[in-house]
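Asks: query.csv is reproduced in full below (CSV, C-alpha atoms).
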chain,number,residue,atom,x,y,z
L,1,MET,CA,53.9,3.3,80.2
L,2,ALA,CA,52.6,2.2,76.8
L,3,ARG,CA,53.0,-1.5,76.0
L,4,ALA,CA,54.4,-3.2,72.9
L,5,ILE,CA,55.2,-6.7,71.6
L,6,VAL,CA,58.5,-6.6,69.8
L,7,ILE,CA,59.3,-9.5,67.5
L,8,VAL,CA,62.9,-9.6,66.5
L,9,ASN,CA,64.6,-11.8,63.8
L,10,GLU,CA,67.3,-13.5,65.9
L,11,GLY,CA,69.6,-13.6,62.9
L,12,ALA,CA,69.2,-9.9,62.0
L,13,GLY,CA,72.3,-7.7,62.2
L,14,GLN,CA,74.9,-9.4,64.3
L,15,GLY,CA,72.4,-11.7,65.9
L,16,HIS,CA,70.6,-11.4,69.2
L,17,ASP,CA,70.9,-13.1,72.6
L,18,GLY,CA,69.7,-12.5,76.1
L,19,GLU,CA,72.1,-9.5,76.6
L,20,ARG,CA,70.9,-7.8,73.4
L,21,VAL,CA,67.3,-8.4,74.3
L,22,ALA,CA,67.7,-6.8,77.7
L,23,ALA,CA,69.5,-3.8,76.1
L,24,LEU,CA,66.6,-3.5,73.6
L,25,ARG,CA,64.0,-3.5,76.5
L,26,ASP,CA,66.0,-0.7,78.2
L,27,LYS,CA,66.0,1.4,75.0
L,28,PHE,CA,62.2,1.1,74.8
L,29,ALA,CA,61.8,1.8,78.5
L,30,ALA,CA,63.8,5.1,77.9
L,31,VAL,CA,61.0,6.3,75.6
L,32,GLU,CA,58.3,5.1,78.1
L,33,ILE,CA,57.3,1.9,76.3
L,34,GLU,CA,57.2,-1.4,78.1
L,35,ALA,CA,58.5,-3.9,75.5
L,36,ASP,CA,57.9,-7.6,75.6
L,37,VAL,CA,60.7,-8.8,73.3
L,38,THR,CA,60.4,-12.2,71.4
L,39,LEU,CA,63.2,-13.7,69.3
L,40,ALA,CA,62.1,-15.6,66.2
L,41,GLY,CA,64.2,-17.8,64.0
L,42,SER,CA,61.8,-18.4,61.1
L,43,GLY,CA,58.9,-16.9,59.3
L,44,GLU,CA,56.5,-19.3,61.0
L,45,GLU,CA,57.8,-18.2,64.4
L,46,MET,CA,57.3,-14.6,63.4
L,47,THR,CA,53.8,-15.0,62.2
L,48,GLY,CA,53.0,-17.1,65.3
L,49,ALA,CA,54.3,-14.5,67.6
L,50,ALA,CA,52.3,-11.8,65.8
L,51,ARG,CA,49.1,-13.8,66.0
L,52,ALA,CA,49.7,-14.3,69.7
L,53,ALA,CA,50.2,-10.6,70.1
L,54,LEU,CA,46.9,-9.8,68.5
L,55,ASP,CA,45.1,-12.5,70.6
L,56,SER,CA,46.5,-10.8,73.7
L,57,GLY,CA,44.8,-7.6,72.7
L,58,ILE,CA,48.0,-5.6,72.4
L,59,GLY,CA,47.6,-2.5,70.2
L,60,LEU,CA,51.3,-2.0,69.1
L,61,VAL,CA,53.4,-4.7,67.5
L,62,VAL,CA,57.0,-4.0,66.4
L,63,ALA,CA,59.1,-6.0,64.0
L,64,GLY,CA,62.9,-6.0,64.0
L,65,GLY,CA,64.7,-7.3,61.0
L,66,GLY,CA,64.8,-6.9,57.2
L,67,ASP,CA,62.1,-6.7,54.6
L,68,GLY,CA,61.3,-10.4,55.0
L,69,THR,CA,60.7,-10.0,58.7
L,70,MET,CA,58.5,-6.9,58.0
L,71,ASN,CA,56.4,-9.0,55.5
L,72,ALA,CA,55.9,-11.9,58.0
L,73,VAL,CA,54.7,-9.7,60.8
L,74,ALA,CA,52.7,-7.4,58.6
L,75,SER,CA,50.9,-10.3,56.9
L,76,VAL,CA,49.2,-10.9,60.3
L,77,LEU,CA,48.6,-7.3,61.2
L,78,ALA,CA,47.1,-6.2,57.9
L,79,GLY,CA,43.5,-5.4,58.3
L,80,SER,CA,43.6,-6.0,62.1
L,81,GLY,CA,43.6,-2.3,63.3
L,82,ALA,CA,46.8,-2.9,65.3
L,83,THR,CA,49.7,-0.4,64.9
L,84,PHE,CA,52.9,-1.6,63.3
L,85,GLY,CA,56.3,-0.4,64.5
L,86,VAL,CA,59.4,-0.9,62.3
L,87,LEU,CA,63.0,-1.5,63.5
L,88,PRO,CA,65.1,-1.7,60.4
L,89,MET,CA,67.8,-4.3,61.0
L,90,GLY,CA,68.2,-5.8,57.6
L,91,THR,CA,70.6,-5.2,54.7
L,92,LEU,CA,68.4,-3.1,52.4
L,93,ASN,CA,65.3,-2.0,54.5
L,94,HIS,CA,63.3,-0.9,51.5
L,95,PHE,CA,60.0,-0.6,53.4
L,96,ALA,CA,61.5,1.6,56.1
L,97,ARG,CA,63.4,3.8,53.6
L,98,ASP,CA,60.4,4.5,51.5
L,99,LEU,CA,58.5,5.6,54.7
L,100,ASN,CA,61.5,7.8,55.8
L,101,ILE,CA,61.7,5.7,59.0
L,102,PRO,CA,65.2,6.2,60.6
L,103,LEU,CA,67.6,3.4,60.1
L,104,ALA,CA,69.6,3.9,63.3
L,105,LEU,CA,68.2,1.7,66.1
L,106,ASP,CA,67.7,4.5,68.7
L,107,ASP,CA,66.1,6.8,66.3
L,108,ALA,CA,63.8,4.1,65.0
L,109,ILE,CA,62.7,3.3,68.6
L,110,ALA,CA,62.1,7.0,69.2
L,111,ASN,CA,60.0,7.1,66.1
L,112,ILE,CA,57.8,4.3,67.4
L,113,ALA,CA,57.2,6.3,70.6
L,114,GLN,CA,56.9,9.8,69.1
L,115,GLY,CA,55.9,9.4,65.5
L,116,ARG,CA,52.4,9.3,64.0
L,117,PRO,CA,50.2,6.5,62.7
L,118,MET,CA,49.8,6.3,59.0
L,119,ALA,CA,47.6,4.0,57.0
L,120,VAL,CA,49.6,2.5,54.1
L,121,ASP,CA,48.6,0.0,51.4
L,122,VAL,CA,49.7,-3.6,51.0
L,123,GLY,CA,49.7,-5.6,47.8
L,124,GLU,CA,48.3,-9.2,47.7
L,125,VAL,CA,48.7,-12.1,45.3
L,126,ASN,CA,46.5,-15.2,45.8
L,127,GLY,CA,46.1,-14.3,49.5
L,128,ARG,CA,49.8,-13.6,50.2
L,129,ILE,CA,50.7,-10.0,50.9
L,130,PHE,CA,53.7,-7.9,50.0
L,131,LEU,CA,54.8,-4.6,51.3
L,132,ASN,CA,57.3,-3.8,48.6
L,133,ASN,CA,57.0,-5.9,45.4
L,134,SER,CA,56.3,-9.2,43.8
L,135,SER,CA,58.0,-10.7,40.8
L,136,LEU,CA,58.1,-13.6,38.4
L,137,GLY,CA,60.8,-15.0,36.2
L,138,LEU,CA,64.5,-14.2,36.7
L,139,TYR,CA,64.4,-12.9,40.3
L,140,PRO,CA,62.6,-15.8,41.9
L,141,ASP,CA,65.0,-18.2,40.1
L,142,ILE,CA,68.0,-16.2,41.4
L,143,VAL,CA,66.6,-16.3,45.0
L,144,ARG,CA,66.0,-20.0,44.8
L,145,ASP,CA,69.5,-20.7,43.5
L,146,ARG,CA,71.1,-18.3,46.1
L,147,VAL,CA,69.5,-20.1,49.0
L,148,LYS,CA,70.7,-23.5,47.6
L,149,GLN,CA,74.2,-22.2,47.4
L,150,GLN,CA,74.1,-20.8,50.9
L,151,ARG,CA,72.9,-24.1,52.4
L,152,ARG,CA,74.9,-26.5,50.3
L,153,LEU,CA,78.1,-24.6,49.7
L,154,GLY,CA,78.2,-22.3,52.7
L,155,ARG,CA,78.6,-19.2,50.6
L,156,GLY,CA,77.8,-15.8,51.9
L,157,LYS,CA,74.5,-14.1,50.8
L,158,TRP,CA,76.1,-11.6,48.4
L,159,LEU,CA,78.6,-14.1,46.8
L,160,ALA,CA,75.8,-16.6,46.4
L,161,PHE,CA,73.6,-13.9,44.9
L,162,CYS,CA,76.2,-13.0,42.3
L,163,TRP,CA,76.8,-16.6,41.2
L,164,ALA,CA,73.0,-17.2,41.1
L,165,SER,CA,72.5,-14.1,39.0
L,166,LEU,CA,75.2,-15.3,36.5
L,167,ALA,CA,73.6,-18.7,36.3
L,168,ALA,CA,70.1,-17.3,35.7
L,169,LEU,CA,71.4,-15.0,33.0
L,170,HIS,CA,73.1,-18.0,31.4
L,171,ARG,CA,69.8,-20.0,31.3
L,172,TYR,CA,67.7,-16.9,30.6
L,173,PRO,CA,64.3,-18.6,30.6
L,174,PHE,CA,61.3,-16.8,29.2
L,175,LEU,CA,57.7,-16.8,30.5
L,176,SER,CA,54.7,-16.8,28.2
L,177,LEU,CA,52.0,-14.8,30.0
L,178,ARG,CA,48.6,-13.3,29.5
L,179,LEU,CA,48.1,-10.1,31.5
L,180,HIS,CA,44.5,-9.0,32.3
L,181,VAL,CA,44.5,-5.3,33.2
L,182,HIS,CA,41.6,-2.8,33.0
L,183,GLY,CA,39.5,-5.3,31.1
L,184,ASP,CA,42.1,-5.8,28.4
L,185,GLU,CA,44.3,-8.8,27.7
L,186,HIS,CA,48.0,-8.5,26.8
L,187,ALA,CA,50.1,-11.5,25.6
L,188,ARG,CA,53.7,-11.2,26.6
L,189,ARG,CA,56.8,-13.3,26.4
L,190,THR,CA,59.3,-12.0,28.9
L,191,PRO,CA,62.2,-13.0,31.3
L,192,PHE,CA,60.7,-11.1,34.2
L,193,VAL,CA,57.5,-9.4,35.5
L,194,PHE,CA,57.7,-6.9,38.4
L,195,ILE,CA,54.6,-5.8,40.4
L,196,GLY,CA,55.1,-3.0,42.9
L,197,ASN,CA,52.9,-1.9,45.9
L,198,ASN,CA,52.3,1.6,44.5
L,199,ALA,CA,54.5,3.2,41.9
L,200,TYR,CA,58.3,2.9,41.8
L,201,THR,CA,60.7,5.4,40.5
L,202,MET,CA,62.1,3.6,37.4
L,203,GLN,CA,64.3,6.3,36.0
L,204,GLY,CA,67.3,8.3,37.2
L,205,PHE,CA,69.5,7.7,40.3
L,206,ASN,CA,66.6,7.3,42.7
L,207,ILE,CA,65.5,4.2,40.8
L,208,GLY,CA,63.8,1.6,43.0
L,209,GLU,CA,62.3,4.1,45.4
L,210,ARG,CA,58.7,5.0,46.1
L,211,THR,CA,57.4,8.4,47.1
L,212,ARG,CA,53.9,7.3,48.1
L,213,LEU,CA,52.6,4.1,49.7
L,214,ASP,CA,49.0,5.2,50.0
L,215,CYS,CA,47.7,5.6,46.5
L,216,GLY,CA,45.8,2.3,46.3
L,217,GLN,CA,47.7,1.2,43.2
L,218,LEU,CA,49.8,-1.6,41.9
L,219,SER,CA,52.5,-0.9,39.4
L,220,LEU,CA,53.3,-3.4,36.7
L,221,TYR,CA,56.6,-3.5,34.8
L,222,VAL,CA,57.2,-5.9,31.9
L,223,ALA,CA,60.1,-6.1,29.4
L,224,GLN,CA,59.0,-7.6,26.0
L,225,ARG,CA,61.3,-10.3,24.6
L,226,PRO,CA,64.6,-8.5,25.6
L,227,THR,CA,67.9,-10.1,24.8
L,228,ARG,CA,70.6,-10.1,27.6
L,229,PHE,CA,72.0,-7.0,25.9
L,230,GLY,CA,68.5,-5.6,25.8
L,231,LEU,CA,68.3,-5.8,29.6
L,232,VAL,CA,71.6,-3.8,29.8
L,233,ARG,CA,70.2,-1.3,27.3
L,234,LEU,CA,67.0,-0.9,29.4
L,235,ALA,CA,69.1,-0.3,32.5
L,236,CYS,CA,71.0,2.4,30.7
L,237,HIS,CA,67.8,4.0,29.5
L,238,ALA,CA,66.6,4.0,33.1
L,239,LEU,CA,69.7,5.7,34.5
L,240,ALA,CA,69.5,8.2,31.6
L,241,GLY,CA,65.9,9.0,32.4
L,242,LYS,CA,64.7,7.7,29.0
L,243,LEU,CA,62.9,4.4,30.0
L,244,ALA,CA,59.5,5.9,29.2
L,245,GLN,CA,60.7,6.1,25.5
L,246,ALA,CA,61.6,2.4,25.4
L,247,ARG,CA,59.2,0.6,23.0
L,248,ASP,CA,59.8,-2.8,24.5
L,249,PHE,CA,59.1,-1.9,28.2
L,250,ASP,CA,55.5,-1.7,29.5
L,251,VAL,CA,54.5,0.3,32.6
L,252,LEU,CA,50.9,0.0,33.8
L,253,LEU,CA,49.1,1.2,37.0
L,254,ALA,CA,46.0,-0.6,38.3
L,255,ASP,CA,44.3,-1.5,41.6
L,256,GLN,CA,44.0,-5.1,40.5
L,257,LEU,CA,45.3,-7.4,37.7
L,258,THR,CA,45.6,-11.0,36.8
L,259,ILE,CA,48.5,-12.9,35.3
L,260,ASP,CA,47.9,-16.3,33.7
L,261,THR,CA,50.1,-18.9,32.1
L,262,ARG,CA,49.8,-22.5,30.9
L,263,ARG,CA,52.3,-23.6,33.6
L,264,LYS,CA,50.7,-25.6,36.5
L,265,LEU,CA,52.9,-23.9,39.1
L,266,VAL,CA,54.9,-20.6,39.0
L,267,ARG,CA,57.6,-19.3,41.3
L,268,VAL,CA,56.4,-16.0,42.8
L,269,ALA,CA,58.6,-13.8,44.9
L,270,THR,CA,57.0,-11.5,47.5
L,271,ASP,CA,59.4,-9.2,49.3
L,272,GLY,CA,62.2,-11.6,48.5
L,273,GLU,CA,60.5,-14.8,49.7
L,274,VAL,CA,59.7,-17.4,46.9
L,275,THR,CA,56.5,-19.4,46.9
L,276,LEU,CA,55.1,-21.8,44.3
L,277,MET,CA,51.6,-20.7,43.2
L,278,ALA,CA,49.0,-22.1,40.8
L,279,PRO,CA,47.9,-19.7,38.1
L,280,PRO,CA,46.0,-17.5,37.6
L,281,LEU,CA,47.8,-15.1,39.8
L,282,ASN,CA,45.3,-12.6,41.1
L,283,TYR,CA,46.9,-9.4,42.3
L,284,ARG,CA,45.1,-6.6,44.2
L,285,SER,CA,45.9,-3.5,46.2
L,286,ARG,CA,44.5,-3.4,49.8
L,287,PRO,CA,44.3,0.4,50.4
L,288,GLY,CA,45.2,1.5,53.9
L,289,ALA,CA,45.3,-2.0,55.3
L,290,LEU,CA,48.3,-1.5,57.5
L,291,THR,CA,48.8,1.2,60.1
L,292,VAL,CA,52.5,2.1,60.5
L,293,MET,CA,54.3,4.5,62.9
L,294,VAL,CA,56.1,7.0,60.7
L,295,PRO,CA,58.0,10.3,61.5
L,296,ARG,CA,55.9,13.3,62.2
Kindly present the structure from the file in structure tokens form.
Replies:
Amino acid sequence: MARAIVIVNEGAGQGHDGERVAALRDKFAAVEIEADVTLAGSGEEMTGAARAALDSGIGLVVAGGGDGTMNAVASVLAGSGATFGVLPMGTLNHFARDLNIPLALDDAIANIAQGRPMAVDVGEVNGRIFLNNSSLGLYPDIVRDRVKQQRRLGRGKWLAFCWASLAALHRYPFLSLRLHVHGDEHARRTPFVFIGNNAYTMQGFNIGERTRLDCGQLSLYVAQRPTRFGLVRLACHALAGKLAQARDFDVLLADQLTIDTRRKLVRVATDGEVTLMAPPLNYRSRPGALTVMVPR
């Protein structure tokens, strides 16, 4: 039988205990994979388990959870040559969806056994990787406030997110930035900056999806000085397929870029996790750095 280390976020789905771990091992055994299942309760535990897996010489490491879990494990595997298996157990599962990996558990396990390895890109900012996207401005503020509400007030994730979004829109802070792309400098004042690992669909009803994760590119999206109503107008343009015609919305593709600001520290979101970073923020694409099992 093939062997795999399976690192599962113990809080994913309805949670995991000894009984669920045993059931997971049985599901892998049914597709002829001997799975050593480890439960992890934090990002540090996930990355530690992934490093231990690499040190053991294992060739297949599987992550079970949402996009944050995928990021934690992939941050260790990127550039290692080990193969990454994905068990989508989160709420949104953007990374799995964009690679057409099945969302049903049994089908995802079958894909790990019967799929094909594919080299995909990862993005990186100041040494921290992202599989989906990174952002500055409104979104990191919303995430920080959402986590505070969950911890202090005991609110559920989505209720806390809604309240945090309303609070962020009420404050509506702007960032003054200098973007360095393709040797050119662009000064921008904006409430948000979005950087994708490869290009996102930004128009129509498939907005937020990617068709390729292996083009070696970052995509940069910046709205210039929009009002709150201006953000709503941009969203309407996107749904109507007219975002490319919007004069106050920049879309750029590059394999690397730098974002600078006069602030000493900036909140930066990477796949939904927020970190304080010191500018300049140096972004780059790492082409083919991660080998993932995808459907044939």
Asks: With distances taken over all atoms listed in the file, which residue among L:Asp250, L:Asp98, L:Asp106, L:Asp121 lies nearest Arg284 in chain L?
Replies: L:Asp121
Asks: Quick one: everything within 7 Å of range 63-77 of chain L, counting all atoms listed in the file, minus sequence neighbours fewer than 6 positions away in the same chain. Send it as an mmCIF file with C-alpha atoms, keeping the file's coordinate frame.
Replies:
data_model
loop_
_atom_site.group_PDB
_atom_site.id
_atom_site.type_symbol
_atom_site.label_atom_id
_atom_site.label_comp_id
_atom_site.auth_asym_id
_atom_site.auth_seq_id
_atom_site.Cartn_x
_atom_site.Cartn_y
_atom_site.Cartn_z
ATOM 1 C CA VAL L 6 58.500 -6.600 69.800
ATOM 2 C CA ILE L 7 59.300 -9.500 67.500
ATOM 3 C CA VAL L 8 62.900 -9.600 66.500
ATOM 4 C CA ASN L 9 64.600 -11.800 63.800
ATOM 5 C CA ALA L 12 69.200 -9.900 62.000
ATOM 6 C CA GLY L 43 58.900 -16.900 59.300
ATOM 7 C CA MET L 46 57.300 -14.600 63.400
ATOM 8 C CA THR L 47 53.800 -15.000 62.200
ATOM 9 C CA ALA L 50 52.300 -11.800 65.800
ATOM 10 C CA ARG L 51 49.100 -13.800 66.000
ATOM 11 C CA GLY L 85 56.300 -0.400 64.500
ATOM 12 C CA VAL L 86 59.400 -0.900 62.300
ATOM 13 C CA LEU L 87 63.000 -1.500 63.500
ATOM 14 C CA PRO L 88 65.100 -1.700 60.400
ATOM 15 C CA MET L 89 67.800 -4.300 61.000
ATOM 16 C CA GLY L 90 68.200 -5.800 57.600
ATOM 17 C CA THR L 91 70.600 -5.200 54.700
ATOM 18 C CA ASN L 93 65.300 -2.000 54.500
ATOM 19 C CA HIS L 94 63.300 -0.900 51.500
ATOM 20 C CA PHE L 95 60.000 -0.600 53.400
ATOM 21 C CA ILE L 129 50.700 -10.000 50.900
ATOM 22 C CA PHE L 130 53.700 -7.900 50.000
ATOM 23 C CA LEU L 131 54.800 -4.600 51.300
ATOM 24 C CA ASP L 271 59.400 -9.200 49.300
ATOM 25 C CA GLY L 272 62.200 -11.600 48.500
ATOM 26 C CA GLU L 273 60.500 -14.800 49.700
ATOM 27 C CA LEU L 290 48.300 -1.500 57.500
#
Asks: Quote the spacing between CA of Pro140 in chain L and CA of Arg178 in chain L in Å to one decimal place.
Replies: 18.9 Å
Asks: For a test of reading the model, state the distance in Å between CA of Asn111 in chain L and CA of Val31 in chain L, rounded to one decimal.
Replies: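 Between CA of Asn111 in chain L and CA of Val31 in chain L the gap is 9.6 Å.
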Asks: Calculated over all atoms listed in the file, which of the candidates L:Leu105, L:Leu24, L:Val147, L:Leu253 has the smallest distance to Cys215 in chain L?
Replies: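 The shortest atom-to-atom distance to Cys215 in chain L comes from L:Leu253.
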Asks: From the set L:Arg210, L:Lys148, L:Ser135, L:Ala269, which residue has the shortest atom-to-atom contact distance to Ile195 in chain L, counting all atoms listed in the file?
Replies: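 Result for the nearest residue to Ile195 in chain L: L:Ser135.
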Asks: Tell me, in Å to one decimal, how far CA of Gln150 in chain L is from CA of Glu19 in chain L.
Replies: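 Spanning CA of Gln150 in chain L to CA of Glu19 in chain L is a straight-line distance of 28.1 Å.
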Asks: Between L:Ala4, L:Val193, L:Gly18, L:Gly81, single out the one closest to Glu32 in chain L, counting only C-alpha atoms.
Replies: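 Closest to Glu32 in chain L, using only C-alpha atoms: L:Ala4.
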Asks: Contacts of His182 in chain L at 10 Å or less, counting only C-alpha atoms, minus same-chain residues fewer than 5 places along, as a list in words?
Replies: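 The residues that qualify are Leu252, Leu253, Ala254, Asp255, Gln256, Leu257 and Thr258 of chain L.
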Asks: Give the answer as one residue: which of L:Met293, L:Val143, L:Leu54, L:Leu136 has the shortest atom-to-atom distance to Leu281 in chain L, using only C-alpha atoms?
Replies: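 The answer is L:Leu136, which sits nearest to Leu281 in chain L.
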Asks: Restricting the calculation to all atoms listed in the file, which member of L:Ala110, L:Val268, L:Val251, L:Leu213 is positioned closest to Val122 in chain L?
Replies: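 When distances to Val122 in chain L are compared using all atoms listed in the file, the smallest one comes from L:Leu213.
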Asks: Please tell me which residues are no farther than 9 Å from (43.5, 0.9, 54.6) in the file, counting all atoms listed in the file, and write them as an MDAnalysis selection string.
Replies: chainID L and resid 78:79 119:122 214 216 286:291
Asks: Around (56.1, -9.0, 74.8), as given in the file, which residues come within 12 Å? Count all atoms listed in the file and list them as a VMD selection string.
Replies: chain L and resid 2 to 8 21 24 to 25 28 33 to 39 49 to 50 52 to 54 56 to 63
